>>> print(open('query_19.txt').read())   # compact mmCIF, C-alpha atoms and all ligand atoms
# COMPACT_ATOMS: atom_id res chain seq x y z
CA MET A 1 14.75 35.05 68.48
CA SER A 2 13.35 32.42 66.11
CA ALA A 3 15.84 29.66 65.29
CA TYR A 4 15.71 27.45 62.25
CA SER A 5 17.86 24.71 60.73
CA LEU A 6 18.53 24.79 57.00
CA LEU A 7 20.20 22.13 54.89
CA ILE A 8 21.79 23.72 51.84
CA LEU A 9 22.49 21.49 48.84
CA PRO A 10 23.99 23.62 46.03
CA GLY A 11 24.52 20.62 43.70
CA ASP A 12 26.17 21.06 40.32
CA GLY A 13 26.85 23.72 37.70
CA ILE A 14 25.07 27.01 38.26
CA GLY A 15 23.38 25.46 41.31
CA GLN A 16 26.58 26.38 43.16
CA GLU A 17 26.75 29.97 41.92
CA CYS A 18 23.07 30.66 42.54
CA MET A 19 23.23 29.14 46.02
CA ARG A 20 26.37 31.11 46.90
CA GLU A 21 24.37 34.29 46.27
CA THR A 22 21.28 32.95 48.03
CA ARG A 23 23.36 32.40 51.17
CA ARG A 24 24.01 36.14 51.20
CA ILE A 25 20.24 36.66 51.12
CA VAL A 26 19.84 34.14 53.96
CA ASP A 27 22.29 36.28 55.96
CA TRP A 28 20.21 39.36 55.10
CA ALA A 29 17.03 37.60 56.30
CA ALA A 30 18.72 36.60 59.55
CA LYS A 31 19.63 40.21 60.27
CA ALA A 32 16.46 41.82 58.96
CA GLY A 33 14.14 39.39 60.70
CA GLY A 34 16.14 38.75 63.86
CA LEU A 35 16.34 35.05 62.96
CA THR A 36 19.01 32.49 63.80
CA PHE A 37 19.86 29.93 61.15
CA THR A 38 21.83 26.79 61.81
CA ILE A 39 23.12 25.97 58.35
CA THR A 40 24.54 22.66 57.19
CA GLU A 41 25.84 22.35 53.65
CA ASP A 42 26.41 19.12 51.76
CA ASP A 43 26.82 17.74 48.25
CA VAL A 44 24.13 16.33 46.01
CA GLY A 45 24.05 15.16 42.39
CA GLY A 46 27.28 14.87 40.44
CA THR A 47 29.40 16.52 43.13
CA ALA A 48 28.04 14.02 45.67
CA TYR A 49 28.85 11.17 43.29
CA ASP A 50 32.43 12.43 43.01
CA ARG A 51 32.75 12.69 46.79
CA TYR A 52 30.61 9.82 48.11
CA GLY A 53 30.10 7.55 45.09
CA THR A 54 26.34 8.19 45.13
CA PRO A 55 24.21 11.20 44.07
CA LEU A 56 22.58 11.29 47.52
CA ALA A 57 24.40 9.88 50.53
CA ASP A 58 22.30 8.33 53.32
CA HIS A 59 23.63 10.82 55.85
CA THR A 60 22.54 13.70 53.56
CA LEU A 61 19.02 12.28 53.37
CA ALA A 62 18.94 12.00 57.16
CA LEU A 63 20.01 15.66 57.45
CA ALA A 64 17.25 16.65 54.99
CA LYS A 65 14.63 14.88 57.08
CA LYS A 66 15.80 16.66 60.24
CA ALA A 67 16.08 20.20 58.83
CA ASP A 68 13.31 22.78 58.98
CA ALA A 69 13.84 23.20 55.24
CA VAL A 70 16.15 22.13 52.44
CA LEU A 71 17.44 24.67 49.94
CA PHE A 72 18.40 22.88 46.74
CA GLY A 73 20.37 24.32 43.79
CA ALA A 74 20.43 22.13 40.68
CA VAL A 75 22.03 18.87 39.58
CA GLY A 76 23.43 17.43 36.38
CA GLY A 77 26.28 17.92 33.97
CA THR A 78 27.80 16.33 30.91
CA GLN A 79 30.70 14.82 32.88
CA TRP A 80 28.20 12.51 34.62
CA ASP A 81 26.13 11.63 31.53
CA ASP A 82 27.65 8.15 31.15
CA LEU A 83 27.08 6.99 34.73
CA PRO A 84 24.72 4.05 35.31
CA PHE A 85 21.07 5.11 35.70
CA ASP A 86 21.00 4.81 39.51
CA LYS A 87 24.15 6.92 39.92
CA LYS A 88 23.04 9.80 37.70
CA PRO A 89 22.91 13.20 39.43
CA GLU A 90 19.14 13.56 38.86
CA ARG A 91 18.52 10.37 40.89
CA GLY A 92 19.70 12.30 43.95
CA LEU A 93 16.85 14.78 43.61
CA LEU A 94 14.27 12.09 42.84
CA ARG A 95 15.34 10.09 45.90
CA LEU A 96 15.08 13.18 48.10
CA ARG A 97 11.54 13.87 46.86
CA LYS A 98 10.49 10.24 47.26
CA ASP A 99 12.09 9.48 50.64
CA MET A 100 10.93 12.78 52.15
CA GLU A 101 7.45 12.02 50.74
CA LEU A 102 7.15 15.48 49.24
CA PHE A 103 3.70 15.00 47.78
CA ALA A 104 2.76 18.62 47.01
CA ASN A 105 4.74 20.57 44.44
CA LEU A 106 4.10 24.31 44.42
CA ARG A 107 4.93 26.22 41.27
CA PRO A 108 4.07 29.90 41.25
CA ALA A 109 3.89 31.66 37.90
CA THR A 110 4.37 35.32 38.65
CA VAL A 111 5.07 37.94 36.04
CA PHE A 112 7.03 40.91 37.30
CA ALA A 113 5.75 43.90 35.35
CA PRO A 114 9.21 44.94 34.07
CA LEU A 115 9.59 41.46 32.47
CA ALA A 116 6.13 41.19 30.91
CA ALA A 117 7.61 41.72 27.45
CA ALA A 118 9.65 38.52 27.83
CA SER A 119 6.51 36.35 27.75
CA SER A 120 5.47 34.65 24.53
CA LEU A 121 1.93 35.93 25.21
CA LYS A 122 0.70 39.48 24.73
CA GLN A 123 1.86 41.73 27.56
CA GLU A 124 -1.67 42.65 28.66
CA LEU A 125 -2.54 38.97 29.15
CA VAL A 126 0.35 38.33 31.54
CA ALA A 127 1.27 41.66 33.17
CA GLY A 128 0.65 41.24 36.89
CA LEU A 129 0.02 37.49 36.55
CA ASP A 130 0.21 35.71 39.91
CA ILE A 131 -1.00 32.12 39.92
CA LEU A 132 0.05 29.07 41.88
CA ILE A 133 -0.12 25.50 40.62
CA VAL A 134 -0.18 22.74 43.22
CA ARG A 135 0.80 19.45 41.60
CA GLU A 136 0.45 16.09 43.32
CA LEU A 137 3.99 14.70 43.16
CA THR A 138 4.20 11.17 44.53
CA GLY A 139 1.18 9.34 43.09
CA GLY A 140 -0.77 8.92 39.88
CA VAL A 141 0.33 7.43 36.59
CA TYR A 142 4.08 7.92 37.17
CA PHE A 143 4.00 5.47 40.07
CA GLY A 144 0.84 3.37 39.55
CA GLU A 145 0.97 -0.42 39.23
CA PRO A 146 0.72 -2.44 37.05
CA ARG A 147 3.28 -0.86 34.79
CA GLY A 148 5.78 -2.13 32.24
CA ILE A 149 6.14 -3.43 28.71
CA GLU A 150 5.03 -6.99 28.02
CA THR A 151 5.14 -9.18 24.94
CA LEU A 152 1.80 -10.54 23.83
CA PRO A 153 1.27 -14.08 22.42
CA ASP A 154 1.01 -12.62 18.91
CA GLY A 155 4.46 -11.00 19.26
CA GLN A 156 3.24 -7.43 19.72
CA GLU A 157 4.44 -5.47 22.71
CA ARG A 158 2.07 -3.76 25.15
CA GLY A 159 3.09 -0.77 27.30
CA VAL A 160 1.11 -0.22 30.49
CA ASN A 161 0.93 2.56 33.06
CA THR A 162 -1.81 2.91 35.62
CA GLN A 163 -3.43 6.13 36.77
CA VAL A 164 -4.36 5.52 40.39
CA TYR A 165 -5.28 7.72 43.37
CA THR A 166 -6.60 6.85 46.80
CA THR A 167 -8.88 9.05 48.90
CA SER A 168 -6.10 9.97 51.33
CA GLU A 169 -3.67 10.93 48.55
CA ILE A 170 -6.26 13.33 47.12
CA GLU A 171 -7.28 14.67 50.53
CA ARG A 172 -3.77 15.64 51.61
CA VAL A 173 -2.87 17.53 48.43
CA ALA A 174 -6.30 19.17 48.35
CA ARG A 175 -5.79 20.45 51.91
CA VAL A 176 -2.41 21.95 50.96
CA ALA A 177 -4.06 23.72 48.01
CA PHE A 178 -7.04 24.97 50.05
CA ASP A 179 -4.68 26.23 52.78
CA LEU A 180 -2.66 28.14 50.20
CA ALA A 181 -5.76 29.55 48.53
CA ARG A 182 -6.80 30.85 51.93
CA LEU A 183 -3.52 32.75 52.17
CA ARG A 184 -4.04 34.25 48.71
CA GLY A 185 -7.19 35.14 46.75
CA LYS A 186 -9.39 32.40 48.30
CA ARG A 187 -10.12 30.77 44.92
CA LEU A 188 -9.18 27.20 44.04
CA CYS A 189 -9.63 25.49 40.69
CA SER A 190 -9.39 21.69 40.80
CA VAL A 191 -8.32 20.14 37.50
CA GLU A 192 -8.83 16.56 36.24
CA LYS A 193 -10.64 14.72 33.47
CA ALA A 194 -13.68 13.44 35.34
CA ASN A 195 -15.48 13.24 31.99
CA VAL A 196 -13.36 10.27 30.85
CA MET A 197 -11.40 8.96 33.85
CA GLU A 198 -12.70 7.28 37.02
CA SER A 199 -9.68 8.55 38.95
CA GLY A 200 -10.81 12.03 37.92
CA LEU A 201 -14.33 11.35 39.17
CA LEU A 202 -12.94 10.34 42.55
CA TRP A 203 -10.61 13.36 42.56
CA ARG A 204 -13.54 15.71 41.98
CA LYS A 205 -15.71 14.01 44.62
CA VAL A 206 -13.00 14.13 47.32
CA VAL A 207 -11.93 17.74 46.61
CA THR A 208 -15.59 18.83 46.67
CA ARG A 209 -16.17 17.10 50.01
CA ILE A 210 -13.03 18.59 51.64
CA GLY A 211 -13.95 22.03 50.33
CA ALA A 212 -17.52 21.93 51.66
CA ALA A 213 -16.57 20.47 55.04
CA GLU A 214 -13.36 22.32 55.84
CA TYR A 215 -12.97 25.34 53.56
CA PRO A 216 -16.38 26.95 52.97
CA ASP A 217 -14.62 30.33 52.69
CA VAL A 218 -12.65 29.23 49.59
CA ALA A 219 -14.47 29.42 46.24
CA LEU A 220 -13.94 26.02 44.58
CA SER A 221 -14.34 25.45 40.86
CA HIS A 222 -13.58 22.45 38.65
CA MET A 223 -12.10 22.32 35.18
CA TYR A 224 -11.12 19.57 32.73
CA ALA A 225 -7.38 19.45 32.15
CA ASP A 226 -7.58 20.05 28.40
CA ASN A 227 -9.70 23.15 28.94
CA CYS A 228 -7.28 24.32 31.65
CA ALA A 229 -4.36 24.11 29.20
CA MET A 230 -6.36 26.26 26.80
CA GLN A 231 -7.42 28.76 29.48
CA LEU A 232 -3.84 29.13 30.72
CA VAL A 233 -2.78 30.58 27.39
CA ARG A 234 -6.10 32.35 26.67
CA ALA A 235 -6.74 34.18 29.96
CA PRO A 236 -4.27 33.05 32.63
CA LYS A 237 -5.22 35.78 35.11
CA GLN A 238 -8.61 34.09 35.74
CA PHE A 239 -6.78 31.63 38.05
CA ASP A 240 -5.60 32.00 41.64
CA VAL A 241 -4.61 28.50 42.84
CA ILE A 242 -4.88 25.36 40.69
CA VAL A 243 -4.66 21.87 42.19
CA THR A 244 -4.14 18.89 39.95
CA ASP A 245 -2.62 15.41 39.72
CA ASN A 246 0.93 14.41 38.90
CA LEU A 247 0.59 14.00 35.12
CA PHE A 248 -1.63 17.01 34.39
CA GLY A 249 0.39 19.07 36.87
CA ASP A 250 3.61 18.20 35.08
CA LEU A 251 2.24 19.57 31.81
CA LEU A 252 0.22 22.51 33.15
CA SER A 253 2.94 23.81 35.47
CA ASP A 254 5.49 23.89 32.64
CA CYS A 255 2.94 25.65 30.47
CA ALA A 256 2.18 28.22 33.20
CA ALA A 257 5.87 28.66 33.95
CA MET A 258 6.62 29.59 30.39
CA LEU A 259 3.96 32.32 30.48
CA THR A 260 6.52 34.21 32.54
CA GLY A 261 9.10 33.92 29.78
CA SER A 262 12.18 33.16 31.83
CA LEU A 263 13.57 29.98 33.34
CA GLY A 264 15.94 31.97 35.55
CA MET A 265 13.01 33.56 37.43
CA LEU A 266 11.02 30.47 38.47
CA PRO A 267 11.08 29.19 42.05
CA SER A 268 9.35 26.10 43.42
CA ALA A 269 8.62 24.29 46.65
CA SER A 270 7.86 20.67 47.44
CA LEU A 271 6.06 19.95 50.69
CA GLY A 272 5.45 16.79 52.70
CA ALA A 273 2.98 15.95 55.44
CA VAL A 274 2.82 17.83 58.71
CA ASP A 275 4.32 15.73 61.50
CA ALA A 276 1.59 15.26 64.11
CA LYS A 277 4.11 15.38 66.99
CA THR A 278 6.29 18.32 65.99
CA GLY A 279 3.84 20.21 63.75
CA LYS A 280 6.67 20.53 61.23
CA ARG A 281 6.38 19.84 57.51
CA LEU A 282 9.27 18.41 55.48
CA ALA A 283 10.03 20.79 52.64
CA LEU A 284 12.46 21.34 49.81
CA TYR A 285 12.85 24.60 47.89
CA GLU A 286 14.50 24.74 44.48
CA PRO A 287 14.58 26.74 41.27
CA VAL A 288 12.82 25.16 38.31
CA HIS A 289 15.91 25.44 36.12
CA GLY A 290 18.72 22.89 35.87
CA SER A 291 22.48 23.17 36.21
CA ALA A 292 22.93 25.04 32.88
CA PRO A 293 26.30 23.52 31.89
CA ASP A 294 26.53 26.01 29.00
CA ILE A 295 27.05 28.94 31.39
CA ALA A 296 28.25 27.18 34.57
CA GLY A 297 31.27 28.67 36.31
CA GLN A 298 31.05 31.96 34.42
CA ASN A 299 29.19 34.06 37.02
CA LYS A 300 26.46 34.70 34.42
CA ALA A 301 23.53 32.76 35.89
CA ASN A 302 20.41 34.49 37.11
CA PRO A 303 20.25 33.75 40.86
CA LEU A 304 16.70 35.07 41.30
CA ALA A 305 14.89 31.71 40.92
CA THR A 306 16.98 30.30 43.77
CA ILE A 307 16.62 33.48 45.82
CA MET A 308 12.84 33.45 45.34
CA SER A 309 12.76 29.78 46.29
CA PHE A 310 14.22 30.97 49.59
CA ALA A 311 11.41 33.57 49.77
CA MET A 312 8.97 30.64 49.47
CA CYS A 313 10.87 28.91 52.27
CA LEU A 314 10.49 32.00 54.44
CA ARG A 315 6.74 32.01 53.77
CA TYR A 316 5.81 28.32 53.89
CA SER A 317 8.35 26.69 56.23
CA LEU A 318 9.50 29.50 58.50
CA HIS A 319 6.19 31.41 58.62
CA GLN A 320 7.97 34.70 57.96
CA ALA A 321 5.48 36.08 55.43
CA ALA A 322 6.41 39.73 55.97
CA LEU A 323 10.07 39.00 55.33
CA ALA A 324 9.19 36.95 52.23
CA GLU A 325 7.19 39.88 50.91
CA ARG A 326 10.04 42.29 51.60
CA LEU A 327 12.38 40.07 49.60
CA GLU A 328 9.93 39.69 46.69
CA THR A 329 9.29 43.43 46.62
CA GLY A 330 13.06 43.92 46.59
CA VAL A 331 13.29 41.72 43.49
CA LEU A 332 10.56 43.78 41.83
CA ARG A 333 12.43 47.02 42.61
CA LEU A 334 15.66 45.48 41.29
CA LEU A 335 13.98 44.69 37.97
CA GLU A 336 12.25 48.07 37.85
CA ALA A 337 15.67 49.69 38.27
CA GLY A 338 16.78 47.83 35.13
CA TYR A 339 19.29 45.37 36.63
CA ARG A 340 19.45 42.19 34.56
CA THR A 341 21.44 39.02 34.03
CA GLY A 342 21.92 37.95 30.41
CA ASP A 343 18.88 35.65 30.28
CA ILE A 344 16.44 38.51 31.02
CA MET A 345 18.42 41.30 29.38
CA SER A 346 16.49 43.75 27.24
CA GLU A 347 17.27 47.07 25.61
CA GLY A 348 18.37 49.72 28.10
CA GLY A 349 18.94 47.14 30.86
CA LYS A 350 22.03 47.15 33.08
CA LEU A 351 23.82 43.85 32.47
CA CYS A 352 25.06 42.27 35.71
CA SER A 353 26.97 39.17 36.71
CA THR A 354 25.38 36.75 39.18
CA THR A 355 27.27 38.45 42.01
CA GLN A 356 26.56 42.01 40.86
CA LEU A 357 22.84 41.33 40.62
CA THR A 358 22.85 40.13 44.23
CA ASP A 359 24.96 43.14 45.27
CA GLU A 360 22.28 45.42 43.83
CA LEU A 361 19.47 43.43 45.43
CA LEU A 362 21.16 43.68 48.82
CA LYS A 363 21.52 47.46 48.39
CA ILE A 364 17.78 47.69 47.70
CA LEU A 365 16.95 45.46 50.68
CA ALA A 366 19.20 47.40 53.05
P1 LIG B 401 18.71 24.02 32.21
O1 LIG B 401 17.57 24.55 32.98
O2 LIG B 401 19.93 23.70 33.00
O3 LIG B 401 19.13 25.06 31.06
C1 LIG B 401 18.28 25.39 29.95
C2 LIG B 401 18.75 26.72 29.34
O4 LIG B 401 18.35 27.79 30.20
C3 LIG B 401 20.27 26.83 29.20
O5 LIG B 401 20.57 27.55 28.02
C4 LIG B 401 20.69 27.62 30.40
O6 LIG B 401 21.86 28.38 30.22
C5 LIG B 401 19.48 28.52 30.65
N1 LIG B 401 19.31 28.77 32.09
C6 LIG B 401 18.80 27.93 33.01
N2 LIG B 401 18.80 28.49 34.22
C7 LIG B 401 19.34 29.71 34.08
C8 LIG B 401 19.64 30.77 34.97
N3 LIG B 401 19.37 30.67 36.29
N4 LIG B 401 20.21 31.88 34.48
C9 LIG B 401 20.46 32.00 33.17
N5 LIG B 401 20.21 31.05 32.27
C10 LIG B 401 19.66 29.92 32.72
O7 LIG B 401 18.19 22.72 31.44
P2 LIG B 401 18.99 21.68 30.52
O8 LIG B 401 20.04 22.39 29.73
O9 LIG B 401 17.96 20.90 29.84
O10 LIG B 401 19.72 20.70 31.55
C11 LIG B 401 21.07 20.85 32.01
C12 LIG B 401 21.32 19.87 33.12
O11 LIG B 401 20.47 20.18 34.24
C13 LIG B 401 20.99 18.41 32.74
O12 LIG B 401 21.96 17.57 33.33
C14 LIG B 401 19.62 18.18 33.35
O13 LIG B 401 19.37 16.84 33.65
C15 LIG B 401 19.73 19.02 34.61
N6 LIG B 401 18.43 19.47 35.17
C16 LIG B 401 18.35 19.50 36.50
C17 LIG B 401 17.21 20.00 37.10
C18 LIG B 401 17.17 20.07 38.60
O14 LIG B 401 18.22 19.96 39.23
N7 LIG B 401 16.02 20.30 39.22
C19 LIG B 401 16.15 20.49 36.32
C20 LIG B 401 16.28 20.48 34.94
C21 LIG B 401 17.44 19.98 34.37
>>> encode(input="query_19.txt", output="structure tokens")
Amino acid sequence: MSAYSLLILPGDGIGQECMRETRRIVDWAAKAGGLTFTITEDDVGGTAYDRYGTPLADHTLALAKKADAVLFGAVGGTQWDDLPFDKKPERGLLRLRKDMELFANLRPATVFAPLAAASSLKQELVAGLDILIVRELTGGVYFGEPRGIETLPDGQERGVNTQVYTTSEIERVARVAFDLARLRGKRLCSVEKANVMESGLLWRKVVTRIGAAEYPDVALSHMYADNCAMQLVRAPKQFDVIVTDNLFGDLLSDCAAMLTGSLGMLPSASLGAVDAKTGKRLALYEPVHGSAPDIAGQNKANPLATIMSFAMCLRYSLHQAALAERLETGVLRLLEAGYRTGDIMSEGGKLCSTTQLTDELLKILA
């Protein structure tokens, strides 16, 4: 039997409801795959502030670093809006990402055929869409120094941020993207603005070198970020895996995500470096959506983004690709059978609560 440790952090609002249902799917995976899970659950975000006085307690961070994977719900809520900046629920998530050094953010944009009509693009452009954006998450202009706002001698103010990447930062995220491309369609598109930015020139040079030396079987192409934004809405199915920096990835992954038309369907993963001694990679899996205070506590939330984040965990952290595929196919069958939560409801659909949708999914998976 394969044994794994999971840290489950449901967080706030619908994070709790979606994670409650995901735990049922974890139980299914244990049975279906003959796996043993050692599960620890703790608070994060606003609920952690209420319990520990901080949105991420030190002991929780230590647990996250020890676990094979972290399953994260969502954080935030109006009751914590007035807290000082460093106590806000969202700081808990940012600290987790930073202290676990989760440098590669994976955002799939997959359109399940039964939901193609929900996209803002024409159905034929997105039906069957299956792309993966790998965004560098811990470097670039969001962290570069110097940064700040200074007052100039003439009284004007000057705001500064610095776009900066080192060879090793580019190499490690490129390798993650090449590895993933190998598991998929073997095509990788590297995105920067080498035409106007030196950091982009270096990015292109390093990705090209890694590709030629280590991944000759993966077809590598390059694209400027502005063109990529245009191509994502013109012909998104031309892409397989995209790798890009923190800033461009922030914009392009949101753009790609919205091609799918529904926030409640979007999973994500954030990966760290592989530990040379243990061969393990720190990883956190979370839905893209937030805590949705407007529907929290009403058993209305769509749990599928959190459930499919667990499918990513099965694939990337637990190396259970067949089980991940079974779960994803189950979700497809569920949607084909017309089961819907309110956010993805369409004419003729069968409206379900969060719990009912999971009940139906479990029946399909059985
Ligand atoms: P949100 O994602 O929580 O909600 C946006 C809209 O989408 C809401 O109308 C909500 O009801 C709906 N929605 C989201 N997920 C859904 C689901 N699974 N099923 C059905 N409907 C769903 O974003 P927001 O309203 O901008 O933010 C609310 C709170 O969440 C804020 O405190 C924000 O800071 C926080 N937030 C947290 C994360 C995170 O934890 N990773 C991400 C984004 C926002």
>>> atom_distance(input="query_19.txt", atom1="CA of Tyr215 (chain A)", atom2="CA of Val176 (chain A)")
11.4 Å
>>> closest_atom_pairs(input="query_19.txt", of="chain A", to="ligand LIG 401 (chain B)", cutoff="8 Å", atoms="all atoms listed in the file", output="tab-separated table")
residue	atom	partner	partner_atom	distance
A:Gly11	CA	B:LIG401	O14	7.8
A:Ile14	CA	B:LIG401	N3	7.1
A:Gly15	CA	B:LIG401	O14	7.8
A:Cys18	CA	B:LIG401	N3	7.3
A:Gly73	CA	B:LIG401	O14	6.7
A:Ala74	CA	B:LIG401	O14	3.4
A:Val75	CA	B:LIG401	O14	4.0
A:Gly76	CA	B:LIG401	O12	3.4
A:Gly77	CA	B:LIG401	O12	4.4
A:Thr78	CA	B:LIG401	O12	6.4
A:Asp81	CA	B:LIG401	O12	7.5
A:Pro89	CA	B:LIG401	O12	7.6
A:Glu90	CA	B:LIG401	O13	6.2
A:Leu93	CA	B:LIG401	O14	6.9
A:Leu263	CA	B:LIG401	N2	5.5
A:Gly264	CA	B:LIG401	N3	3.7
A:Met265	CA	B:LIG401	N3	7.1
A:Glu286	CA	B:LIG401	N7	7.0
A:Pro287	CA	B:LIG401	N7	6.9
A:Val288	CA	B:LIG401	N7	5.9
A:His289	CA	B:LIG401	O1	3.7
A:Gly290	CA	B:LIG401	O2	3.2
A:Ser291	CA	B:LIG401	O11	4.1
A:Ala292	CA	B:LIG401	O2	3.3
A:Pro293	CA	B:LIG401	C11	5.9
A:Asp294	CA	B:LIG401	O6	5.4
A:Ile295	CA	B:LIG401	O6	5.3
A:Ala296	CA	B:LIG401	O6	7.8
A:Lys300	CA	B:LIG401	C9	6.7
A:Ala301	CA	B:LIG401	N4	3.7
A:Asn302	CA	B:LIG401	N4	3.7
A:Pro303	CA	B:LIG401	N3	5.6
A:Leu304	CA	B:LIG401	N3	7.2
A:Ala305	CA	B:LIG401	N3	6.5
A:Thr306	CA	B:LIG401	N3	7.9
A:Thr341	CA	B:LIG401	C9	7.1
A:Gly342	CA	B:LIG401	C9	6.7
A:Asp343	CA	B:LIG401	C9	4.9
A:Ile344	CA	B:LIG401	C9	7.9
>>> atom_distance(input="query_19.txt", atom1="CA of Arg175 (chain A)", atom2="CA of Leu6 (chain A)")
25.2 Å
>>> residues_around(input="query_19.txt", residues="Arg172 (chain A)", least_positions_apart="3", cutoff="12 Å", atoms="only C-alpha atoms", output="number ranges by chain")
A: 101-104, 134-139, 165-169, 175-179, 203, 206-207, 210, 243, 245, 271-274
>>> closest_residue(input="query_19.txt", among="A:Val44, A:Ile133, A:Ala311, A:Ala269", to="Gly92 (chain A)", atoms="all atoms listed in the file")
A:Val44
>>> atom_distance(input="query_19.txt", atom1="CA of Asn195 (chain A)", atom2="CA of Tyr224 (chain A)")
7.7 Å
>>> closest_residue(input="query_19.txt", among="A:Ala194, A:Ala118, A:Gly279, A:Gly261", to="Glu347 (chain A)", atoms="only C-alpha atoms")
A:Ala118
>>> residues_near_point(input="query_19.txt", point="(-9.2, 29.8, 41.9)", cutoff="12 Å", atoms="all atoms listed in the file", output="JSON, numbers by chain")
{"A": [130, 131, 132, 133, 134, 177, 178, 180, 181, 182, 184, 185, 186, 187, 188, 189, 190, 191, 218, 219, 220, 221, 222, 223, 228, 236, 237, 238, 239, 240, 241, 242, 243]}
>>> closest_residue(input="query_19.txt", among="A:Met100, A:Ala174, A:Leu259, A:Leu61", to="Glu124 (chain A)", atoms="only C-alpha atoms")
A:Leu259
>>> closest_residue(input="query_19.txt", among="A:Leu232, A:Leu7, A:Ile25, A:Ala69", to="Thr260 (chain A)", atoms="only C-alpha atoms")
A:Leu232
>>> build_atoms(input="query_19.txt", residues="region 213-218 of chain A", atoms="all heavy atoms", output="compact mmCIF listing (two decimals), in the frame of the given file")
# COMPACT_ATOMS: atom_id res chain seq x y z
N ALA A 213 -16.64 20.74 53.60
CA ALA A 213 -16.57 20.47 55.04
C ALA A 213 -15.58 21.37 55.76
O ALA A 213 -15.81 21.77 56.90
CB ALA A 213 -16.20 19.00 55.26
N GLU A 214 -14.44 21.67 55.10
CA GLU A 214 -13.36 22.32 55.84
C GLU A 214 -13.01 23.73 55.35
O GLU A 214 -12.37 24.49 56.07
CB GLU A 214 -12.10 21.44 55.77
CG GLU A 214 -12.32 20.06 56.37
CD GLU A 214 -11.12 19.13 56.13
OE1 GLU A 214 -9.99 19.62 56.06
OE2 GLU A 214 -11.36 17.92 56.00
N TYR A 215 -13.39 24.05 54.12
CA TYR A 215 -12.97 25.34 53.56
C TYR A 215 -14.15 26.06 52.89
O TYR A 215 -14.07 26.42 51.71
CB TYR A 215 -11.84 25.14 52.55
CG TYR A 215 -10.61 24.47 53.11
CD1 TYR A 215 -10.49 23.08 53.14
CD2 TYR A 215 -9.56 25.23 53.63
CE1 TYR A 215 -9.36 22.46 53.66
CE2 TYR A 215 -8.42 24.61 54.16
CZ TYR A 215 -8.34 23.23 54.17
OH TYR A 215 -7.21 22.63 54.69
N PRO A 216 -15.23 26.30 53.61
CA PRO A 216 -16.38 26.95 52.97
C PRO A 216 -16.07 28.37 52.52
O PRO A 216 -16.77 28.91 51.67
CB PRO A 216 -17.44 26.96 54.10
CG PRO A 216 -16.67 26.79 55.36
CD PRO A 216 -15.46 25.99 55.02
N ASP A 217 -14.99 28.96 53.07
CA ASP A 217 -14.62 30.33 52.69
C ASP A 217 -13.81 30.40 51.41
O ASP A 217 -13.52 31.49 50.91
CB ASP A 217 -13.79 30.96 53.83
CG ASP A 217 -12.61 30.09 54.23
OD1 ASP A 217 -12.76 28.85 54.26
OD2 ASP A 217 -11.53 30.64 54.49
N VAL A 218 -13.42 29.24 50.85
CA VAL A 218 -12.65 29.23 49.59
C VAL A 218 -13.59 28.87 48.45
O VAL A 218 -14.29 27.86 48.51
CB VAL A 218 -11.47 28.22 49.67
CG1 VAL A 218 -10.74 28.14 48.34
CG2 VAL A 218 -10.51 28.60 50.79
